[in-house]
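K.L.:
Would you mind keeping the following structure in view while I ask a few things?
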Amino acid sequence: MKEYLLNIKNAFKLKHYINYIVLLAVFALFTALYYAGALNRSTPSLFNQILYSVILAVSLNLVVGFLGELSLGHAGFMCIGAYLGTFISNMLIGAGMNTVLALAISMVAGAAVAAAFGLLVGLPALRLRGDYLAIVTLAFGEIIRNICRNLPFFGGAQGLGSVIYSENLTNKKSLPMFIPTFICLMLMLVVIQNLIRSKHGRAITAIRDNEIAAKAMGVNVTYYKLLVFVLSAAFAGFAGVIYGAGVSPVEYSTFDYNYSIEILVMVVLGGMGSINGSIISAALITVINFYLKAYLTGDMAAIKTLIYALILIVMVVYKNAPALKSFREKYTFKKLIDKIVNRKKAVDYVTDDTARWDVVPTKIEMNEVLSTDLVVTESVVSPDKEVK
Amino acid sequence: MSDFALKTTDLGISFGGLKAVQNVNLEIKEKEIYGLIGPNGAGKTTVFNMLTGVYLPTTGTFYLNGKELKGFSQERINHEGIARTFQNIRLFNNMTVIRNVMVGLHNSPEFKCNPFVSMFRLPGHFDAEKRMRQRAKEILDIFGLLEERNQLACNLPYGKQRKLEIARALATNPKLLLLDEPAAGMNPQETAELMDTIRFVRDKFDVTILLIEHDMSLVSGICDRLTVLNFGEVLAEGEVSDVLNNPEVVKAYLGD
Amino acid sequence: MFFSTLIDGLSLGAIYALIALGYTMVYGIAKMLNFAHGDIIMVGALTVYYSLSVENTVLSIILAVLLPVVICTVLGIVVEKTAYKPLRGASPLAVLITAIGISYLLQGIAQLKFVFGVTPETVTNFKIPGSIFGINWSTIVTLVVAAILMIALTVFVKKSKIGRAMVAVSEDRAAAQLMGINVNAIISLTFAIGSALAAAASIFYLMQIPQVSSTLGSMPGIKAFTAAVIGGIGSIPGAMLGGILLGIIEKIALSIPALAPYTVAIEFSLLILILLVKPSGLLGKKRNEKV
């Protein structure tokens, strides 16, 4: 025991835990303001929205940034969580259970089922790579959405009404949703961050960097791919349950592939393989979206889409265009800080598991060949079966 | 049979009816440095791919210390004790040098620690990590890479990348090490150093080494025995000097 | 009954195939997933909608057929030149995200009040009246024109000098450049052809489903993308096969009441199943990584 504590002390690095501290501080401040009654009506819901967006972005980053597989079906897992969680909590509250307990149980159930579906999506990931996997995850998300829409006990096209939501509306003293969401977020951060900063995280990033070499080094690729998909789906399920408790009705149309793409955008802009980057960009994008939505209604809604699209295009082109490379290197954010603090540029040491996002590959293969031959000739053949 | 570290019997593979490699019978003794040479396209790397489970041999089989490994997955074959390097370097480019080696240590029973333990930092995690880091440093020290341990693997110069690949393969604690053109792209000075390293590795880690190489100075300098492949078939095998003076081999290399 | 379902499926499939060709050609030559392709269809459909509002009937029909093709082709080239060309050589994911951005941008522009707005509108009288052997003339025209376009495209790619240059660029861009092929021009041309086919598809799509909205392109877009993958993305005959297969299955599923609500699930399950059995699609080329 003493040795264990000593080990913890030796391994402790403040910068590895700084994000917990910042998040806790923000949360404490927010909770204090909330109970002091200093917040207007929409702010707690915005805060909740930020928190579950962060959960979604970080859990997707595990698949895209760390494992290197492109997933376009993250909203599908959220869909499962939202429908199932709402369904179970409605049932439990209907049976007279305490709201908080019902929410907790529905969260566990929603995450568990989402995780099971994550396993199901992970299976094709063992066989398919790159673009093909991306389209399969997209298809999976759409299948889930389609099925949830048609299951009679999920309310069909009208959607599923949420009891927790309506209770929260009427009962002023009820637990604000952002508290359970924050607990989930912290749990996710502990799990994912610790996992990444361990031998298992190294195995996962090794698969991303070079799957063939990882296999040759004895890394169990099957196991880790499935683990990553299951974990990521489970947390998306959590986020779904939270989402379901905050709206009424839960509608299938929310979880279309555009939503998955929105989460992917958060991950990419925040930096693939950077957990803190995902947290910041998810928070920023959610806030921007929230205010654009709040101020631009009706016919002005188009401007919201326009602004969002322009920000996206300009940012990605600026960060990636080969022609702008020298310009980028001249005026980086880091350089700016260095200038202000007036310190010399340190050697390019990397001590964290994160890597620069523009150099982290996802396994999108773009090497297929345009063929007009109706007869298929396989360019590279696999070994023949054994001759008995 | 178990006198041999690696024994292959009639190992062969064909792709779409084309016999890429056939009837390869290797008998490599423990702690031997064994060379596999041949002109380009002779099927040397294909032999490596069969031995590491990338391809399933069409005919024949192979044994490591008497245990048949054919049909096992790549991961499993590595666990059983065969590690390799690649002709075109395959490092984990976005990871630091030390982490590359630590991935090699991943499966050692000494550093067992399941994901759940790591997620919640339960007892066992820190200890395993600390020992892994220590071990990785030891291995890097042997290869003179300790200084560069916190650099990204892709930022290393070419020669050091080759060394790192060998270090990473050795971290998996193999009984048999397969080196695919370890001296490719090196200058004579570096090649000479590499020869020392390979000998040192053999003695220090008690491994048997099978290597593919085009650099004849390296082959004749360190290999105990050789097999020459040409068009997927064994052309000659035996002691280095005998093989290199074999008229068939000279013909295969220089043409008629 | 079954026969007419089959014909309906065939004509829907032909539409999917036309769109899928755009995905597949852009993928094969520019090596990117053009997520904005579906929105090109939307632009085409809006053009048809506005063309039809012209008073003169004959003129409006001519405009409705020609204008979408012109506008979409130009749009395809403009988008390629402004958004994708600066990113040539950047990571594929960056290009993918940019394509998504373009998709939002086109939708956003369409949603502006003075362009189209957010409320869907119905297109009336955009159908060739009458039928023969119980098959609508619209369906027959769709099938015939789609077949002509596909044959023309195949012949163009296979026989013409430019077509062979396209294949060369798709095989190896660097080598093609060294052989004196103007790669930028070929890529622009690919976008132009893909967009023109999408415009044609939008015309036929409106004949079948006479409603326009700013998000009209997303569903046929994603279905056509699925079709391209089923057929083997990068393969022109694969896109045709995949599109027709998907169209027929969609119509058959819709014709069975118990299955109708689950049509989308069935289509996408088919995709997953095919990919699991044949990971590179039906006619796609298999590519093993060299170890």
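Here, A, B, ... name the chains of the structure tokens in the order displayed, residue numbers run from 1 inside each chain, and ligands are numbered from 1 in the same displayed order.
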I need the residues in range 153-278 of chain A that are alpha helix (DSSP H) according to DSSP; give them as a ChimeraX atom specification.
P.N.:
/A:163-170,178-196,199-209,211-216,221-246,257-270,275-278
K.L.:
For Gly221 in chain B, please output as a PyMOL selection string all residues within 10 Å (counting only C-alpha atoms; exclusion window: fewer than 3 positions along the same chain).
P.N.:
chain B and resi 192+195-196+215-218+224+240
K.L.:
Atoms to include: C-alpha atoms. Write the selected residues as an mmCIF file, in the first residue's frame.
P.N.:
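result20.cif, freshly written:
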```
data_model
loop_
_atom_site.group_PDB
_atom_site.id
_atom_site.type_symbol
_atom_site.label_atom_id
_atom_site.label_comp_id
_atom_site.auth_asym_id
_atom_site.auth_seq_id
_atom_site.Cartn_x
_atom_site.Cartn_y
_atom_site.Cartn_z
ATOM 1 C CA ALA B 192 30.644 -1.926 -39.940
ATOM 2 C CA MET B 195 27.867 -5.759 -37.859
ATOM 3 C CA ASP B 196 29.226 -5.235 -34.369
ATOM 4 C CA ASP B 215 25.610 -6.080 -48.863
ATOM 5 C CA MET B 216 28.069 -8.915 -49.372
ATOM 6 C CA SER B 217 30.661 -7.429 -47.037
ATOM 7 C CA LEU B 218 28.137 -7.666 -44.229
ATOM 8 C CA ASP B 224 27.812 -18.343 -40.166
ATOM 9 C CA VAL B 240 29.609 -18.615 -46.559
#
```
K.L.:
Should the cut-off be 9 Å, what would the residue list for chain B against chain C look like, counting only C-alpha atoms, as a PyMOL selection string?
P.N.:
chain B and resi 45-46+49+54+86-88
K.L.:
Would you put the residues from that selection into a file with C-alpha atoms, as a compact mmCIF listing (two decimals), in the first residue's frame?
P.N.:
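Output contents, as saved in part-v2.txt:
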```txt
# COMPACT_ATOMS: atom_id res chain seq x y z
CA THR B 45 10.87 -11.17 -47.97
CA THR B 46 8.07 -13.57 -48.84
CA ASN B 49 6.25 -12.97 -44.35
CA VAL B 54 1.60 -12.43 -42.72
CA PHE B 86 10.95 -4.49 -42.15
CA GLN B 87 12.63 -3.76 -45.43
CA ASN B 88 10.89 -0.41 -45.66
```
K.L.:
Counting only C-alpha atoms, which of A:Ile147, A:Leu56, A:Val190, A:Leu23 gets nearest to chain B?
P.N.:
A:Val190
K.L.:
Just the number, please: distance in Å from CA of Thr8 in chain B to CA of Glu211 in chain A, one decimal.
P.N.:
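CA of Glu211 in chain A lies at a distance of 26.9 Å from CA of Thr8 in chain B.
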K.L.:
Quick one: everything within 6 Å of range 41-57 of chain C, counting only C-alpha atoms, minus sequence neighbours fewer than 6 positions away in the same chain. Send it as a list in words.
P.N.:
Leu63, Ala64, Pro68, Ala198, Ala199, Ser202, Leu216 and Gly217 of chain C
K.L.:
Taking only C-alpha atoms into account, name the residue in B:Leu156, B:Val228, B:Phe4, B:Tyr253 that is nearest to Phe92 in chain B.
P.N.:
B:Leu156
K.L.:
I need the strand (DSSP E) residues of range 35-134 of chain C per DSSP on the backbone, written as an mmCIF file with N, CA and C atoms, in the first residue's frame.
P.N.:
```
data_model
loop_
_atom_site.group_PDB
_atom_site.id
_atom_site.type_symbol
_atom_site.label_atom_id
_atom_site.label_comp_id
_atom_site.auth_asym_id
_atom_site.auth_seq_id
_atom_site.Cartn_x
_atom_site.Cartn_y
_atom_site.Cartn_z
ATOM 1 N N GLU C 121 -40.914 23.198 -51.298
ATOM 2 C CA GLU C 121 -41.941 23.554 -52.283
ATOM 3 C C GLU C 121 -42.205 22.355 -53.185
ATOM 4 N N THR C 122 -43.428 22.282 -53.687
ATOM 5 C CA THR C 122 -43.752 21.179 -54.585
ATOM 6 C C THR C 122 -43.607 21.630 -56.040
ATOM 7 N N SER C 131 -48.476 6.900 -70.549
ATOM 8 C CA SER C 131 -47.675 5.722 -70.251
ATOM 9 C C SER C 131 -47.831 4.708 -71.361
ATOM 10 N N ILE C 132 -46.935 3.755 -71.409
ATOM 11 C CA ILE C 132 -47.016 2.703 -72.407
ATOM 12 C C ILE C 132 -46.764 1.385 -71.710
#
```
K.L.:
Please list as a list in words every residue within 9 Å of Val219 in chain B, counting only C-alpha atoms and excluding residues in the same chain fewer than 4 positions away.
P.N.:
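In the requested format, the answer is Tyr34, Gly35, Leu36, Ile37, Leu211, Ile212, Glu213, His214, Asp215, Cys223, Asp224, Leu226 and Val240 of chain B.
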K.L.:
Include N, CA and C atoms and write out the residues we just selected as an mmCIF file, in the first residue's frame.
P.N.:
```cif
data_model
loop_
_atom_site.group_PDB
_atom_site.id
_atom_site.type_symbol
_atom_site.label_atom_id
_atom_site.label_comp_id
_atom_site.auth_asym_id
_atom_site.auth_seq_id
_atom_site.Cartn_x
_atom_site.Cartn_y
_atom_site.Cartn_z
ATOM 1 N N TYR B 34 22.398 -16.405 -39.616
ATOM 2 C CA TYR B 34 22.160 -17.106 -40.861
ATOM 3 C C TYR B 34 21.745 -16.104 -41.920
ATOM 4 N N GLY B 35 22.327 -16.179 -43.078
ATOM 5 C CA GLY B 35 21.998 -15.227 -44.131
ATOM 6 C C GLY B 35 21.056 -15.817 -45.158
ATOM 7 N N LEU B 36 20.150 -14.973 -45.654
ATOM 8 C CA LEU B 36 19.274 -15.390 -46.748
ATOM 9 C C LEU B 36 19.506 -14.371 -47.842
ATOM 10 N N ILE B 37 20.129 -14.782 -48.935
ATOM 11 C CA ILE B 37 20.432 -13.809 -49.978
ATOM 12 C C ILE B 37 19.843 -14.258 -51.299
ATOM 13 N N LEU B 211 18.967 -13.196 -41.440
ATOM 14 C CA LEU B 211 18.916 -11.878 -42.064
ATOM 15 C C LEU B 211 18.962 -11.942 -43.582
ATOM 16 N N ILE B 212 18.238 -11.003 -44.166
ATOM 17 C CA ILE B 212 18.255 -10.818 -45.613
ATOM 18 C C ILE B 212 19.209 -9.671 -45.876
ATOM 19 N N GLU B 213 20.103 -9.812 -46.816
ATOM 20 C CA GLU B 213 21.002 -8.694 -47.061
ATOM 21 C C GLU B 213 21.530 -8.734 -48.482
ATOM 22 N N HIS B 214 21.788 -7.540 -49.004
ATOM 23 C CA HIS B 214 22.404 -7.453 -50.317
ATOM 24 C C HIS B 214 23.885 -7.110 -50.197
ATOM 25 N N ASP B 215 24.239 -6.531 -49.053
ATOM 26 C CA ASP B 215 25.610 -6.080 -48.863
ATOM 27 C C ASP B 215 26.495 -7.287 -48.548
ATOM 28 N N CYS B 223 27.838 -13.654 -41.200
ATOM 29 C CA CYS B 223 26.985 -14.835 -41.267
ATOM 30 C C CYS B 223 27.795 -16.116 -41.051
ATOM 31 N N ASP B 224 27.185 -17.042 -40.326
ATOM 32 C CA ASP B 224 27.812 -18.343 -40.166
ATOM 33 C C ASP B 224 27.531 -19.196 -41.394
ATOM 34 N N LEU B 226 24.708 -19.643 -45.015
ATOM 35 C CA LEU B 226 23.905 -18.886 -45.979
ATOM 36 C C LEU B 226 22.959 -19.799 -46.744
ATOM 37 N N VAL B 240 29.624 -19.850 -45.785
ATOM 38 C CA VAL B 240 29.609 -18.615 -46.559
ATOM 39 C C VAL B 240 30.570 -18.667 -47.745
#
```
K.L.:
Find the residue from B:Phe15, B:Phe200, B:Phe72, B:Phe205 that sits nearest to Asn173 in chain B; use only C-alpha atoms when measuring.
P.N.:
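Checking each candidate against Asn173 in chain B, we get B:Phe205 as the closest.
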K.L.:
Skipping near chain neighbours, those fewer than 3 positions away, what residues fall within 12 Å of Gly89 in chain C using only C-alpha atoms, listed as a VMD selection string?
P.N.:
(chain A and resid 317 320 to 323 325 358 366) or (chain C and resid 30 to 32 84 to 86 92 to 95 173 to 174)
K.L.:
Using only C-alpha atoms, find the residues of chain C whose closest atom to chain A is at most 6 Å away, then write them as a list in words.
P.N.:
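Here is what falls inside 6 Å: Gly28, Lys31, Pro86, Leu87, Ala90, Thr98, Gly101, Tyr104, Leu105, Gly108, Gln111, Leu112, Lys113, Ser170, Glu171, Gly234, Ser235, Ile236, Ala265, Phe268, Ile272, Lys285, Lys286 and Arg287 of chain C.
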K.L.:
Find the residues of chain B that sit at most 8 Å from chain A; for each, write down the nearest two atoms and how far apart they are in Å, to one decimal. Count only C-alpha atoms. Sort by chain, then by number going up, and give it as a Markdown table.
P.N.:
```
| residue | atom | partner | partner_atom | distance |
| --- | --- | --- | --- | --- |
| B:Ile13 | CA | A:Pro383 | CA | 6.8 |
| B:Ser14 | CA | A:Asp384 | CA | 6.0 |
| B:Phe15 | CA | A:Pro383 | CA | 4.9 |
| B:Gly16 | CA | A:Asp384 | CA | 6.3 |
| B:Gly17 | CA | A:Asp384 | CA | 7.4 |
| B:Thr52 | CA | A:Ala216 | CA | 7.3 |
| B:Tyr55 | CA | A:Pro383 | CA | 6.7 |
| B:Leu56 | CA | A:Pro383 | CA | 7.0 |
| B:Pro57 | CA | A:Glu386 | CA | 7.2 |
| B:Thr58 | CA | A:Glu386 | CA | 4.4 |
| B:Thr59 | CA | A:Glu386 | CA | 6.2 |
| B:Gln74 | CA | A:Lys215 | CA | 5.9 |
| B:Glu75 | CA | A:Gly218 | CA | 4.0 |
| B:Arg76 | CA | A:Gly218 | CA | 6.7 |
| B:Ile77 | CA | A:Gly218 | CA | 7.7 |
| B:Asn78 | CA | A:Gly218 | CA | 5.1 |
| B:His79 | CA | A:Gly218 | CA | 6.1 |
| B:Ala83 | CA | A:Ala216 | CA | 6.8 |
| B:Arg84 | CA | A:Ala216 | CA | 7.0 |
| B:Arg90 | CA | A:Ala213 | CA | 6.1 |
| B:Leu91 | CA | A:Asn210 | CA | 7.0 |
| B:Phe92 | CA | A:Asp209 | CA | 5.0 |
| B:Asn93 | CA | A:Asp209 | CA | 6.3 |
| B:Asn94 | CA | A:Ala355 | CA | 6.3 |
| B:Met95 | CA | A:Asp353 | CA | 7.3 |
| B:Thr96 | CA | A:Val350 | CA | 7.0 |
| B:Arg99 | CA | A:Arg202 | CA | 7.0 |
| B:Asn100 | CA | A:Ala206 | CA | 7.9 |
| B:Met102 | CA | A:Lys199 | CA | 7.6 |
| B:Val103 | CA | A:Ala203 | CA | 6.0 |
| B:Gly104 | CA | A:Met217 | CA | 5.5 |
| B:His106 | CA | A:Lys199 | CA | 6.6 |
| B:Asn107 | CA | A:Gly218 | CA | 6.7 |
| B:Pro115 | CA | A:His200 | CA | 6.5 |
| B:Ser118 | CA | A:Leu195 | CA | 5.9 |
| B:Met119 | CA | A:Val191 | CA | 4.8 |
| B:Phe120 | CA | A:Val191 | CA | 6.7 |
| B:Arg121 | CA | A:Asn194 | CA | 7.2 |
| B:Pro123 | CA | A:Tyr4 | CA | 6.0 |
| B:Gly124 | CA | A:Tyr4 | CA | 7.9 |
| B:Phe126 | CA | A:Asn7 | CA | 6.0 |
| B:Asp127 | CA | A:Asn7 | CA | 6.9 |
| B:Glu129 | CA | A:Ser198 | CA | 7.3 |
| B:Asn150 | CA | A:Tyr349 | CA | 6.0 |
| B:Gln151 | CA | A:Tyr349 | CA | 5.6 |
| B:Leu152 | CA | A:Val350 | CA | 6.9 |
| B:Arg168 | CA | A:Met217 | CA | 7.9 |
| B:Ala169 | CA | A:Met217 | CA | 6.7 |
| B:Thr172 | CA | A:Met217 | CA | 6.6 |
```
K.L.:
I need the chosen residues saved as a compact mmCIF listing (two decimals), in the first residue's frame, with N, CA and C atoms.
P.N.:
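Generated file (again08.txt):
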```txt
# COMPACT_ATOMS: atom_id res chain seq x y z
N ILE B 13 4.91 -21.04 -51.23
CA ILE B 13 3.67 -20.28 -51.35
C ILE B 13 3.46 -19.93 -52.80
N SER B 14 2.20 -19.94 -53.21
CA SER B 14 1.94 -19.50 -54.57
C SER B 14 0.81 -18.49 -54.57
N PHE B 15 0.89 -17.56 -55.50
CA PHE B 15 -0.13 -16.53 -55.64
C PHE B 15 -0.80 -16.73 -56.99
N GLY B 16 -2.08 -17.03 -56.96
CA GLY B 16 -2.79 -17.23 -58.22
C GLY B 16 -2.10 -18.23 -59.13
N GLY B 17 -1.62 -19.30 -58.55
CA GLY B 17 -0.98 -20.35 -59.34
C GLY B 17 0.50 -20.12 -59.57
N THR B 52 6.45 -15.03 -40.29
CA THR B 52 5.83 -14.18 -39.27
C THR B 52 4.31 -14.20 -39.34
N TYR B 55 1.66 -14.19 -44.38
CA TYR B 55 1.07 -15.10 -45.37
C TYR B 55 1.02 -16.50 -44.78
N LEU B 56 -0.01 -17.22 -45.16
CA LEU B 56 -0.09 -18.62 -44.79
C LEU B 56 0.59 -19.43 -45.89
N PRO B 57 1.60 -20.22 -45.53
CA PRO B 57 2.28 -20.98 -46.59
C PRO B 57 1.32 -21.92 -47.30
N THR B 58 1.50 -22.06 -48.61
CA THR B 58 0.66 -22.98 -49.37
C THR B 58 1.10 -24.41 -49.13
N THR B 59 2.41 -24.60 -49.08
CA THR B 59 2.91 -25.95 -48.81
C THR B 59 3.94 -25.88 -47.68
N GLN B 74 -0.18 -13.42 -36.64
CA GLN B 74 1.08 -12.69 -36.50
C GLN B 74 1.40 -12.41 -35.04
N GLU B 75 0.37 -12.00 -34.29
CA GLU B 75 0.59 -11.69 -32.88
C GLU B 75 1.09 -12.91 -32.13
N ARG B 76 0.43 -14.05 -32.40
CA ARG B 76 0.76 -15.28 -31.70
C ARG B 76 2.18 -15.72 -32.04
N ILE B 77 2.55 -15.61 -33.29
CA ILE B 77 3.90 -16.01 -33.68
C ILE B 77 4.92 -15.14 -32.97
N ASN B 78 4.60 -13.87 -32.82
CA ASN B 78 5.50 -13.01 -32.07
C ASN B 78 5.60 -13.46 -30.61
N HIS B 79 4.47 -13.83 -30.03
CA HIS B 79 4.50 -14.31 -28.64
C HIS B 79 5.35 -15.57 -28.52
N ALA B 83 10.55 -12.36 -33.96
CA ALA B 83 10.35 -10.93 -34.16
C ALA B 83 11.07 -10.53 -35.43
N ARG B 84 10.64 -9.42 -36.01
CA ARG B 84 11.21 -9.06 -37.30
C ARG B 84 11.40 -7.55 -37.42
N ARG B 90 9.24 0.41 -40.74
CA ARG B 90 7.89 0.62 -40.23
C ARG B 90 7.94 0.93 -38.75
N LEU B 91 8.27 2.16 -38.43
CA LEU B 91 8.24 2.56 -37.03
C LEU B 91 6.88 3.17 -36.74
N PHE B 92 6.61 3.39 -35.46
CA PHE B 92 5.41 4.14 -35.09
C PHE B 92 5.82 5.60 -35.11
N ASN B 93 5.62 6.24 -36.25
CA ASN B 93 6.25 7.53 -36.51
C ASN B 93 5.80 8.66 -35.60
N ASN B 94 4.54 8.61 -35.16
CA ASN B 94 4.07 9.70 -34.32
C ASN B 94 4.27 9.43 -32.84
N MET B 95 5.06 8.44 -32.54
CA MET B 95 5.34 8.14 -31.14
C MET B 95 6.83 8.36 -30.89
N THR B 96 7.15 8.61 -29.63
CA THR B 96 8.55 8.88 -29.31
C THR B 96 9.34 7.57 -29.39
N ARG B 99 8.74 5.17 -26.59
CA ARG B 99 7.42 4.51 -26.65
C ARG B 99 7.42 3.43 -27.72
N ASN B 100 8.16 3.62 -28.78
CA ASN B 100 8.28 2.57 -29.78
C ASN B 100 8.79 1.29 -29.13
N MET B 102 8.68 0.58 -25.98
CA MET B 102 7.74 0.10 -24.97
C MET B 102 6.59 -0.69 -25.61
N VAL B 103 6.24 -0.35 -26.85
CA VAL B 103 5.23 -1.17 -27.53
C VAL B 103 5.78 -2.59 -27.72
N GLY B 104 7.08 -2.68 -28.00
CA GLY B 104 7.69 -3.99 -28.11
C GLY B 104 7.61 -4.78 -26.82
N HIS B 106 5.22 -4.66 -24.81
CA HIS B 106 3.81 -4.75 -24.44
C HIS B 106 3.38 -6.12 -23.91
N ASN B 107 3.86 -7.17 -24.58
CA ASN B 107 3.32 -8.49 -24.24
C ASN B 107 4.13 -9.28 -23.25
N PRO B 115 -6.37 -3.52 -18.89
CA PRO B 115 -6.82 -2.16 -19.15
C PRO B 115 -7.59 -1.56 -17.99
N SER B 118 -5.29 -0.10 -15.56
CA SER B 118 -4.71 1.14 -16.05
C SER B 118 -5.70 2.29 -16.01
N MET B 119 -6.95 1.99 -16.35
CA MET B 119 -7.95 3.05 -16.41
C MET B 119 -8.11 3.73 -15.06
N PHE B 120 -8.10 2.92 -14.01
CA PHE B 120 -8.35 3.51 -12.70
C PHE B 120 -7.10 3.57 -11.86
N ARG B 121 -5.96 3.39 -12.51
CA ARG B 121 -4.68 3.51 -11.84
C ARG B 121 -4.65 2.68 -10.55
N PRO B 123 -3.44 -0.51 -8.06
CA PRO B 123 -2.09 -0.99 -7.77
C PRO B 123 -1.63 -1.93 -8.89
N GLY B 124 -0.39 -1.80 -9.25
CA GLY B 124 0.11 -2.63 -10.34
C GLY B 124 0.43 -1.80 -11.57
N PHE B 126 1.33 1.55 -11.92
CA PHE B 126 2.53 2.39 -11.87
C PHE B 126 3.79 1.55 -11.86
N ASP B 127 3.70 0.46 -11.12
CA ASP B 127 4.84 -0.43 -11.01
C ASP B 127 5.23 -0.97 -12.39
N GLU B 129 4.45 0.22 -15.32
CA GLU B 129 4.91 1.29 -16.20
C GLU B 129 6.36 1.65 -15.90
N ASN B 150 13.25 10.86 -26.30
CA ASN B 150 12.01 11.63 -26.32
C ASN B 150 11.73 12.30 -27.65
N GLN B 151 12.49 11.93 -28.66
CA GLN B 151 12.19 12.48 -29.98
C GLN B 151 11.16 11.61 -30.69
N LEU B 152 10.46 12.23 -31.63
CA LEU B 152 9.56 11.42 -32.43
C LEU B 152 10.38 10.49 -33.32
N ARG B 168 13.35 -2.34 -31.08
CA ARG B 168 11.94 -2.60 -30.82
C ARG B 168 11.63 -4.09 -30.96
N ALA B 169 12.21 -4.70 -32.00
CA ALA B 169 11.97 -6.13 -32.20
C ALA B 169 12.55 -6.92 -31.03
N THR B 172 10.58 -7.45 -27.74
CA THR B 172 9.55 -8.48 -27.62
C THR B 172 10.14 -9.80 -27.12
```
K.L.:
Could you state the separation of CA of Val207 in chain B and CA of Ile89 in chain B in Å, given to one decimal place?
P.N.:
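Result for CA of Val207 in chain B versus CA of Ile89 in chain B: 21.3 Å, one decimal.
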K.L.:
Record the distance separating CA of Tyr83 in chain A and CA of Tyr243 in chain A, expressed in Å with one decimal.
P.N.:
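These two atoms are separated by 9.6 Å.
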K.L.:
Taking 2 positions as the minimum chain separation for residues in the same chain, which residues sit within 9 Å of Ala283 in chain A when counting only C-alpha atoms? Answer as a list in words.
P.N.:
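Counting only the stated atoms, we get Phe47, Gln49, Ile50, Leu51, Ser53, Val54, Met266, Ser278, Ile279, Ile280, Ser281, Ile285, Thr286, Val287 and Ile288 of chain A.
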K.L.:
Those same residues - N, CA and C atoms - I'd like them written as a compact mmCIF listing (two decimals), in the first residue's frame.
P.N.:
```
# COMPACT_ATOMS: atom_id res chain seq x y z
N PHE A 47 -24.87 24.89 -20.62
CA PHE A 47 -23.74 24.25 -19.93
C PHE A 47 -23.83 22.73 -20.07
N GLN A 49 -25.33 21.13 -22.41
CA GLN A 49 -25.07 20.83 -23.81
C GLN A 49 -23.56 20.79 -24.08
N ILE A 50 -22.85 21.76 -23.52
CA ILE A 50 -21.40 21.78 -23.68
C ILE A 50 -20.80 20.50 -23.12
N LEU A 51 -21.25 20.13 -21.92
CA LEU A 51 -20.65 18.97 -21.27
C LEU A 51 -20.88 17.70 -22.08
N SER A 53 -21.50 17.49 -25.26
CA SER A 53 -20.74 17.58 -26.51
C SER A 53 -19.29 17.18 -26.27
N VAL A 54 -18.75 17.61 -25.12
CA VAL A 54 -17.37 17.25 -24.81
C VAL A 54 -17.25 15.73 -24.68
N MET A 266 -15.69 18.66 -34.50
CA MET A 266 -15.13 19.07 -33.21
C MET A 266 -13.79 18.39 -32.98
N SER A 278 -9.96 18.47 -28.02
CA SER A 278 -11.37 18.10 -28.22
C SER A 278 -12.26 18.81 -27.22
N ILE A 279 -11.80 18.92 -25.97
CA ILE A 279 -12.62 19.57 -24.95
C ILE A 279 -12.86 21.02 -25.35
N ILE A 280 -11.78 21.71 -25.71
CA ILE A 280 -11.90 23.13 -26.03
C ILE A 280 -12.76 23.32 -27.28
N SER A 281 -12.49 22.55 -28.32
CA SER A 281 -13.23 22.81 -29.56
C SER A 281 -14.69 22.41 -29.43
N ILE A 285 -17.46 25.17 -30.20
CA ILE A 285 -18.42 24.96 -31.28
C ILE A 285 -19.84 24.93 -30.72
N THR A 286 -20.01 24.29 -29.56
CA THR A 286 -21.35 24.25 -28.98
C THR A 286 -21.84 25.65 -28.63
N VAL A 287 -20.95 26.46 -28.03
CA VAL A 287 -21.36 27.82 -27.67
C VAL A 287 -21.72 28.62 -28.92
N ILE A 288 -20.84 28.54 -29.94
CA ILE A 288 -21.10 29.28 -31.18
C ILE A 288 -22.44 28.86 -31.77
```
K.L.:
Would you mind listing what lies within 7 Å of Asn34 in chain C as a tab-separated table (two decimals) with C-alpha atoms, in the first residue's frame, with only C-alpha atoms counted and same-chain residues fewer than 2 positions away left out?
P.N.:
```tsv
chain	number	residue	atom	x	y	z
C	23	TYR	CA	-18.69	9.96	-56.33
C	32	MET	CA	-11.35	12.26	-52.15
C	36	ALA	CA	-20.82	18.01	-51.24
C	37	HIS	CA	-21.89	15.97	-54.25
C	96	LEU	CA	-13.14	15.44	-46.33
C	99	ALA	CA	-16.13	18.91	-48.54
```
